[in-house]
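*Asks:* Okay, handing you the structure first.
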Amino acid sequence: MRHTLVVCLFLLGCNSTFAQKYADFYRSGKYAKALKSAEHAIESDSKNLDAYLTKAMCYIHLYRDPETHADYPSGPSMAINTWQVIQKKDKTGAFTQAHQAQRDTILAEGYTLAGEWVEKKQIKRAQALLQDMLLVQPTPAYYYLLGTIAETDNRHDEAVQYLNDAAAKIWTDAQKGIQPEPKWYIIFADLADAVAEDDDFNSAMILYARGIRLFKSDDISNRCYTLLHDAATSWFSSTDTTFTMRVAAFLDTLPPGTQHTELFEELKWSCIFHQYKVADEWLYYGNIFGQGETRLLFFACADLKLAVLDTFMQELRQGTYLQVKASGVSVSRIPHKIDFWLQGYACMHNTDWQQAESAIWSLFEDALTQQDFNWAGALLYNISGSSMARTNVKSAENKLFTTIGNQPKEVLDQIDLYALSVMFPANTIGRKLQKDESKLLIAKYLDKHDYTNAAKKLRLQMQIEPNDPTLKSLYKKWLVDDYIAHFMNSSTAYDLDTWTGSTEECRAGTLPDSVHAKVLDRLNYIRRLAGVPDNCEFNSALNKKCMEAALMMAANYSLSHGPPKDWLCYSQDGAASAGSSNLSLGYGGSEALYGQVEDDGGNNESVGHRRWILYPDRKVFGHGSTPNSMALWALGSENSLQSPEIREQYDETFVAWPAQYYFPTHLAPYRWSLSRNGATFDDTRIEMYCNNKRVQLEILPLAYGYGSPTIVWTPDLSPFDLSKECTFKVVVKHIGVDAIWNEEKQVYDQVYEDYTYTVTLLPLF
């Protein structure tokens with residue numbers, strides 16, 4: 001018994017010594033000694049996961065070091081095998097979870113080594129290594145490399161299977177909210193092309209549709225278009241329309257916002273036109289041979305053509321529209337539909353192109369006669385972009401605007417003069433009409449206290465005539481009137497004593513609907529001032545949870561987005577709200593809301609609270625207040641976003657605070673900011689000027705993860721007299737807005753934009 005005890009004590013002492021040695025060796029960079037020491041520790045205790053981890057990391061370091069690389073050429077492979085042992089021995093998974101960074105390092109080196117082995121034609125070793133890596137952490141990259149190896153080795157079916165596994169992994173991850181890296185669009189494209197080679201075009205089109213939804217990039221759209229275009233056009237000499245109509249039907253299902261919309265639309269209508277060209281051939285065939293079904297076939301063919309021509313016009317009406325963005329406008333044009341309509345008309349009436357042209361102009365004249373000026377303008381806009389003769393376009397344009405100018409006021413109010421002025425920017429008649437009518441319309445909105453539509457029209461018109469004195473006067477009137485109506489009148493400073501809760505009794509209580517309404521009114525005012533959607537609303541269920549969070553903050557007189565369970569008045573709903581809300585302490589209601597937009601204080605350099613409040617995609621919020629605290633639910637929750645159509649308007653524009661054009665001086669924050677969905681600001685520079693004098697400023701550290709990506713800076717405004725109107729020019733340079741694949745360099749090239757805008761700080765009183 002005594003002997004046994006001595007042995008046990010000796011072994012424990014050895015384990016401790018080995019553990020100390022391999023840890024010390026590893027920390028001092030003596031990886032060969034650390035490796036041997038870790039192996040000794042494992043021999044003494046096979047459950048020592050720290051020793052296994054040290055062993056694995058030593059293999060990586062020894063592989064990386066040029067002096068020891070030759071002795072450990074398969075270091076990453078050996079490290080992966082060691083990690084697999086860790087996974088097997090770690091029954092609870094806690095150890096592997098805590099050391100994911102080391103696991104990722106090991107896998108990254110393994111992936112590099114596998115690539116090297118592929119280049120050296122050591123295919124079996126690369127495959128075996130990748131298979132081991134999949135057992136550790138299945139990722140699309142490993143499946144894709146295995147698929148590439150199999151395809152190179154002429155194992156087509158196996159390659160397709162690996163690509164399918166990679167695509168399935170990306171797709172299932174996306175359903176869980178894990179966004180794929182942009183470069184992995186190639187997995188969906190390669191898989192789609194591979195199954196298309198096997199004549200499975202249905203699967204290929206499904207794969208491309210999913211890939212386009214996931215990646216929304218030029219790269220995958222190009223690949224999809226190339227495949228479908230080459231396949232469909234190869235059928236245009238055939239009398240079998242089955243495949244081309246399948247392509248047309250597929251193109252109709254592509255999601256909104258798909259890249260290269262015009263190319264896809266043109267291909268779709270080419271497929272449709274192929275169908276009625278084939279119908280003509282069958283009709284001709286019937287006439288020659290005098291078959292009994294000729295009459296029926298003729299009517300069927302005519303009906304088909306009429307239906308298709310009507311569809312062309314319907315698509316044209318729906319497809320030409322004004323896209324209004326906070327930083328600009330654009331109009332979509334689909335002129336190829338005009339060309340197809342002309343071809344279809346000539347085909348159906350067995351006539352020539354010239355008579356078809358007369359028919360299209362008749363449609364324009366009909367639109368003028370029926371006073372459908374918006375449609376007449378859209379039709380003319382597409383005619384001007386088509387490949388038909390354009391001799392009549394200029395005279396038709398003048399006729400359109402002259403006719404519009406002679407209309408009474410009630411008709412002018414129904415015409416989208418702004419859209420027409422964007423379509424025909426050089427037309428002086430249309431420009432003058434638009435400018436005059438826009439000012440009358442803005443004044444009308446202000447008279448009706450419709451500050452939402454007034455703001456939209458003001459911002460659009462400022463892009464056209466920023467120095468117009470009448471427009472400036474209207475802008476200032478809107479700023480003052482809206483401030484009085486929806487900022488001053490939304491104060492809750494004297495309303496929070498209506499709170500029915502109690503910190504002593506841990507009762508969250510309630511607030512009258514009128515208090516919530518005031519906070520919501522100020523929220524929408526702030527968003528309207530920033531130029532983002534001001535149609536937000538509160539959710540009653542979220543309000544209730546926010547009341548619980550506000551109670552917790554007041555009871556503990558402290559703020560936490562992850563309150564511990566031992567807090568006073570702790571509740572699950574309150575904790576959930578705290579983790580999804582902007583939080584304030586010391587005041588509540590509307591005053592706390594604007595404090596969050598100001599975002600002063602040492603902990604708020606990233607203006608995260610402001611970013612969530614001004615996040616353009618957000619629509620549904622929640623609110624809860626006590627006299628001394630406030631919670632604004634601004635993150636997550638079901639059905640909380642604006643519609644896709646509204647969100648799309650803010651995909652390519654910036655949101656500034658203070659906002660461009662005019663801004664109340666006393667609402668201007670200490671920290672200025674600019675946000676843009678999907679942007680990066682790592683290389684961005686900012687300059688500010690007032691009367692050509694450079695404004696000194698400091699750009700604050702970047703922080704992503706709050707609302708839209710944002711850059712924040714603090715300008716020194718002390719040299720300037722802010723007691724009177726003061727205009728600052730802001731120049732923001734080198735904003736990363738996109739990444740385009742460079743085929744030659746095999747890298748993504750960053751796309752940059754610069755923004756220049758003015759902020760005029762205006763004392764309101």
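By convention here, the chains of the structure tokens are called A, B, ... in the order presented, each chain's residues are numbered starting at 1, and ligands are numbered starting at 1 in the order presented.
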If you run DSSP on this backbone, which residues of range 536-618 of chain A come out as helix (DSSP H, G or I), and could you give them as a ChimeraX atom specification?

*Replies:* /A:540-556,572-578,589-598,608-613

*Asks:* What parts of range 314-525 of chain A does DSSP call strand (DSSP E or B)? I'd like the answer as JSON, numbers by chain.

*Replies:* {"A": [322, 323, 324, 325, 328, 329, 330, 331, 502, 507]}

*Asks:* Just give me the gap between CA of Ala126 in chain A and CA of Gln97 in chain A in Å, one decimal is fine.

*Replies:*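 Distance reported for this atom pair: 26.7 Å.
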
*Asks:* I need the residue nearest Trp499 in chain A from this list: A:Ser540, A:Asn628, A:Thr403, A:Asn392. Use only C-alpha atoms for the distance.

*Replies:*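 Using only C-alpha atoms, Trp499 in chain A sits closest to A:Asn628.
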
*Asks:* Give me the residues within 9 Å of Ala192 in chain A as a tab-separated table (two decimals) with N, CA and C atoms, in the first residue's frame, counting only C-alpha atoms and dropping any in the same chain fewer than 5 places off.

*Replies:*
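The resulting file, selection09.tsv, is reproduced below:
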chain	number	residue	atom	x	y	z
A	187	ILE	N	-18.61	28.41	-56.45
A	187	ILE	CA	-19.08	27.04	-56.17
A	187	ILE	C	-20.42	26.80	-56.85
A	197	GLU	N	-23.69	20.49	-68.17
A	197	GLU	CA	-22.96	19.61	-69.09
A	197	GLU	C	-23.60	18.23	-69.15
A	200	ASP	N	-28.74	18.52	-67.42
A	200	ASP	CA	-29.72	18.76	-66.37
A	200	ASP	C	-29.86	20.27	-66.19
A	201	PHE	N	-30.51	20.93	-67.17
A	201	PHE	CA	-30.63	22.38	-67.12
A	201	PHE	C	-31.58	22.85	-66.03
A	203	SER	N	-31.81	21.68	-62.95
A	203	SER	CA	-31.00	21.82	-61.74
A	203	SER	C	-30.03	22.98	-61.86
A	204	ALA	N	-29.47	23.16	-63.06
A	204	ALA	CA	-28.53	24.27	-63.27
A	204	ALA	C	-29.21	25.61	-63.01
A	205	MET	N	-30.44	25.77	-63.49
A	205	MET	CA	-31.14	27.04	-63.31
A	205	MET	C	-31.51	27.25	-61.84
A	206	ILE	N	-31.89	26.18	-61.15
A	206	ILE	CA	-32.19	26.29	-59.72
A	206	ILE	C	-30.95	26.73	-58.96
A	207	LEU	N	-29.81	26.13	-59.29
A	207	LEU	CA	-28.55	26.48	-58.62
A	207	LEU	C	-28.18	27.94	-58.87
A	208	TYR	N	-28.33	28.38	-60.11
A	208	TYR	CA	-28.00	29.78	-60.40
A	208	TYR	C	-28.96	30.73	-59.68
A	224	CYS	N	-24.20	33.05	-65.13
A	224	CYS	CA	-25.56	32.57	-65.42
A	224	CYS	C	-26.01	33.02	-66.81

*Asks:* So, with only C-alpha atoms as the atoms that count, which of A:Tyr59, A:Tyr662, A:Tyr570, A:Phe373 lies closest to Cys506 in chain A?

*Replies:* A:Tyr570

*Asks:* Find the spatial neighbours of range 716-725 of chain A, counting only C-alpha atoms, within a cut-off of 8 Å - ignore same-chain residues fewer than 4 positions away - and output them as a VMD selection string.

*Replies:* chain A and resid 665 695 to 697 760 to 763

*Asks:* Restricting the calculation to only C-alpha atoms, which member of A:Leu614, A:Leu520, A:Met630, A:Ala167 is positioned closest to Glu537 in chain A?

*Replies:*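 Of the candidates, the smallest distance to Glu537 in chain A is held by A:Leu520.
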
*Asks:* I want to know what sits within 10 Å of range 20-31 of chain A, based on only C-alpha atoms, with residues of the same chain fewer than 5 positions away left out; could you give that as an mmCIF file with N, CA, C and O atoms, in the first residue's frame?

*Replies:*
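For reference, out_12.cif as written:
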data_model
loop_
_atom_site.group_PDB
_atom_site.id
_atom_site.type_symbol
_atom_site.label_atom_id
_atom_site.label_comp_id
_atom_site.auth_asym_id
_atom_site.auth_seq_id
_atom_site.Cartn_x
_atom_site.Cartn_y
_atom_site.Cartn_z
ATOM 1 N N CYS A 14 5.555 14.121 -11.768
ATOM 2 C CA CYS A 14 6.070 14.130 -13.150
ATOM 3 C C CYS A 14 5.118 14.877 -14.068
ATOM 4 O O CYS A 14 5.538 15.653 -14.926
ATOM 5 N N ASN A 15 3.795 14.614 -13.936
ATOM 6 C CA ASN A 15 2.818 15.299 -14.786
ATOM 7 C C ASN A 15 2.943 16.804 -14.632
ATOM 8 O O ASN A 15 2.939 17.569 -15.590
ATOM 9 N N LYS A 36 8.444 17.702 -27.641
ATOM 10 C CA LYS A 36 8.880 16.496 -26.923
ATOM 11 C C LYS A 36 8.323 16.471 -25.509
ATOM 12 O O LYS A 36 7.873 15.430 -25.003
ATOM 13 N N SER A 37 8.337 17.607 -24.845
ATOM 14 C CA SER A 37 7.823 17.683 -23.473
ATOM 15 C C SER A 37 6.328 17.384 -23.441
ATOM 16 O O SER A 37 5.836 16.693 -22.549
ATOM 17 N N ALA A 38 5.572 17.897 -24.445
ATOM 18 C CA ALA A 38 4.135 17.638 -24.515
ATOM 19 C C ALA A 38 3.864 16.158 -24.753
ATOM 20 O O ALA A 38 2.933 15.581 -24.180
ATOM 21 N N GLU A 39 4.705 15.512 -25.582
ATOM 22 C CA GLU A 39 4.533 14.076 -25.835
ATOM 23 C C GLU A 39 4.790 13.267 -24.562
ATOM 24 O O GLU A 39 4.087 12.292 -24.272
ATOM 25 N N HIS A 40 5.789 13.686 -23.764
ATOM 26 C CA HIS A 40 6.031 13.023 -22.483
ATOM 27 C C HIS A 40 4.836 13.186 -21.549
ATOM 28 O O HIS A 40 4.425 12.251 -20.862
ATOM 29 N N ALA A 41 4.260 14.386 -21.541
ATOM 30 C CA ALA A 41 3.104 14.640 -20.686
ATOM 31 C C ALA A 41 1.916 13.788 -21.110
ATOM 32 O O ALA A 41 1.159 13.285 -20.273
ATOM 33 N N ASP A 50 -4.482 19.932 -22.866
ATOM 34 C CA ASP A 50 -3.558 21.053 -23.066
ATOM 35 C C ASP A 50 -2.268 20.587 -23.745
ATOM 36 O O ASP A 50 -1.706 21.283 -24.604
ATOM 37 N N ALA A 51 -1.801 19.395 -23.350
ATOM 38 C CA ALA A 51 -0.583 18.857 -23.956
ATOM 39 C C ALA A 51 -0.808 18.545 -25.431
ATOM 40 O O ALA A 51 0.054 18.813 -26.282
ATOM 41 N N THR A 54 -0.841 21.846 -27.290
ATOM 42 C CA THR A 54 0.531 22.347 -27.447
ATOM 43 C C THR A 54 1.260 21.568 -28.541
ATOM 44 O O THR A 54 1.975 22.140 -29.383
ATOM 45 N N LYS A 55 1.063 20.268 -28.552
ATOM 46 C CA LYS A 55 1.688 19.424 -29.567
ATOM 47 C C LYS A 55 1.249 19.855 -30.972
ATOM 48 O O LYS A 55 2.078 20.005 -31.888
ATOM 49 N N MET A 57 0.007 22.765 -31.963
ATOM 50 C CA MET A 57 0.499 24.093 -32.324
ATOM 51 C C MET A 57 2.004 24.083 -32.582
ATOM 52 O O MET A 57 2.503 24.865 -33.400
ATOM 53 N N CYS A 58 2.727 23.210 -31.890
ATOM 54 C CA CYS A 58 4.169 23.086 -32.157
ATOM 55 C C CYS A 58 4.415 22.612 -33.583
ATOM 56 O O CYS A 58 5.333 23.090 -34.271
ATOM 57 N N TYR A 59 3.600 21.654 -34.058
ATOM 58 C CA TYR A 59 3.733 21.197 -35.443
ATOM 59 C C TYR A 59 3.586 22.374 -36.411
ATOM 60 O O TYR A 59 4.304 22.465 -37.417
ATOM 61 N N ILE A 60 2.638 23.278 -36.127
ATOM 62 C CA ILE A 60 2.409 24.430 -37.001
ATOM 63 C C ILE A 60 3.619 25.350 -36.992
ATOM 64 O O ILE A 60 4.121 25.778 -38.044
ATOM 65 N N HIS A 61 4.119 25.665 -35.810
ATOM 66 C CA HIS A 61 5.264 26.578 -35.715
ATOM 67 C C HIS A 61 6.517 25.983 -36.352
ATOM 68 O O HIS A 61 7.268 26.689 -37.040
ATOM 69 N N LEU A 62 6.728 24.709 -36.137
ATOM 70 C CA LEU A 62 7.911 24.056 -36.711
ATOM 71 C C LEU A 62 7.811 23.983 -38.235
ATOM 72 O O LEU A 62 8.828 24.044 -38.940
ATOM 73 N N ASP A 65 8.592 27.690 -39.526
ATOM 74 C CA ASP A 65 9.956 28.172 -39.347
ATOM 75 C C ASP A 65 10.862 27.612 -40.450
ATOM 76 O O ASP A 65 10.989 26.394 -40.608
ATOM 77 N N THR A 68 13.312 24.832 -39.425
ATOM 78 C CA THR A 68 12.812 23.499 -39.043
ATOM 79 C C THR A 68 11.811 22.937 -40.050
ATOM 80 O O THR A 68 11.330 21.817 -39.876
#

*Asks:* If we count only C-alpha atoms, what is near Ser590 in chain A at a cut-off of 6 Å, once residues fewer than 4 positions away on the same chain are taken out, given as an mmCIF file with N, CA, C and O atoms, in the first residue's frame?

*Replies:*
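Final output, result-v8.cif:
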data_model
loop_
_atom_site.group_PDB
_atom_site.id
_atom_site.type_symbol
_atom_site.label_atom_id
_atom_site.label_comp_id
_atom_site.auth_asym_id
_atom_site.auth_seq_id
_atom_site.Cartn_x
_atom_site.Cartn_y
_atom_site.Cartn_z
ATOM 1 N N SER A 491 -41.866 66.583 -26.558
ATOM 2 C CA SER A 491 -41.166 66.465 -25.281
ATOM 3 C C SER A 491 -42.022 65.703 -24.265
ATOM 4 O O SER A 491 -43.237 65.895 -24.175
ATOM 5 N N THR A 492 -41.352 64.842 -23.496
ATOM 6 C CA THR A 492 -42.046 64.087 -22.433
ATOM 7 C C THR A 492 -41.517 64.473 -21.053
ATOM 8 O O THR A 492 -41.686 63.736 -20.082
ATOM 9 N N VAL A 519 -42.801 59.838 -27.932
ATOM 10 C CA VAL A 519 -41.465 59.297 -28.207
ATOM 11 C C VAL A 519 -41.371 58.847 -29.666
ATOM 12 O O VAL A 519 -40.371 59.093 -30.349
#

*Asks:* Extract, using only C-alpha atoms, all DNA, RNA and protein residues at most 7 Å from range 75-81 of chain A, discarding same-chain residues fewer than 6 positions from it, and format them as a list of chain:residue names.

*Replies:*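 Skipping anything fewer than 6 positions along the chain leaves A:Ala56, A:Met57, A:Tyr59, A:Ile60, A:Tyr63, A:Ile106, A:Glu109, A:Gly110, A:Leu129, A:Met133.
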
*Asks:* Which residue, A:Asp682, A:Glu744, A:Asp566, A:Asp599, has the smallest gap to Leu583 in chain A when you use only C-alpha atoms?

*Replies:*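 Among A:Asp682, A:Glu744, A:Asp566, A:Asp599, it is A:Asp599 that comes nearest to Leu583 in chain A.
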
*Asks:* I'd like the interatomic distance between CA of Glu591 in chain A and CA of Thr452 in chain A, to a tenth of an Å.

*Replies:* 22.2 Å

*Asks:* Quote the spacing between CA of Asn539 in chain A and CA of Glu605 in chain A in Å to one decimal place.

*Replies:*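 CA of Glu605 in chain A lies 29.3 Å from CA of Asn539 in chain A.
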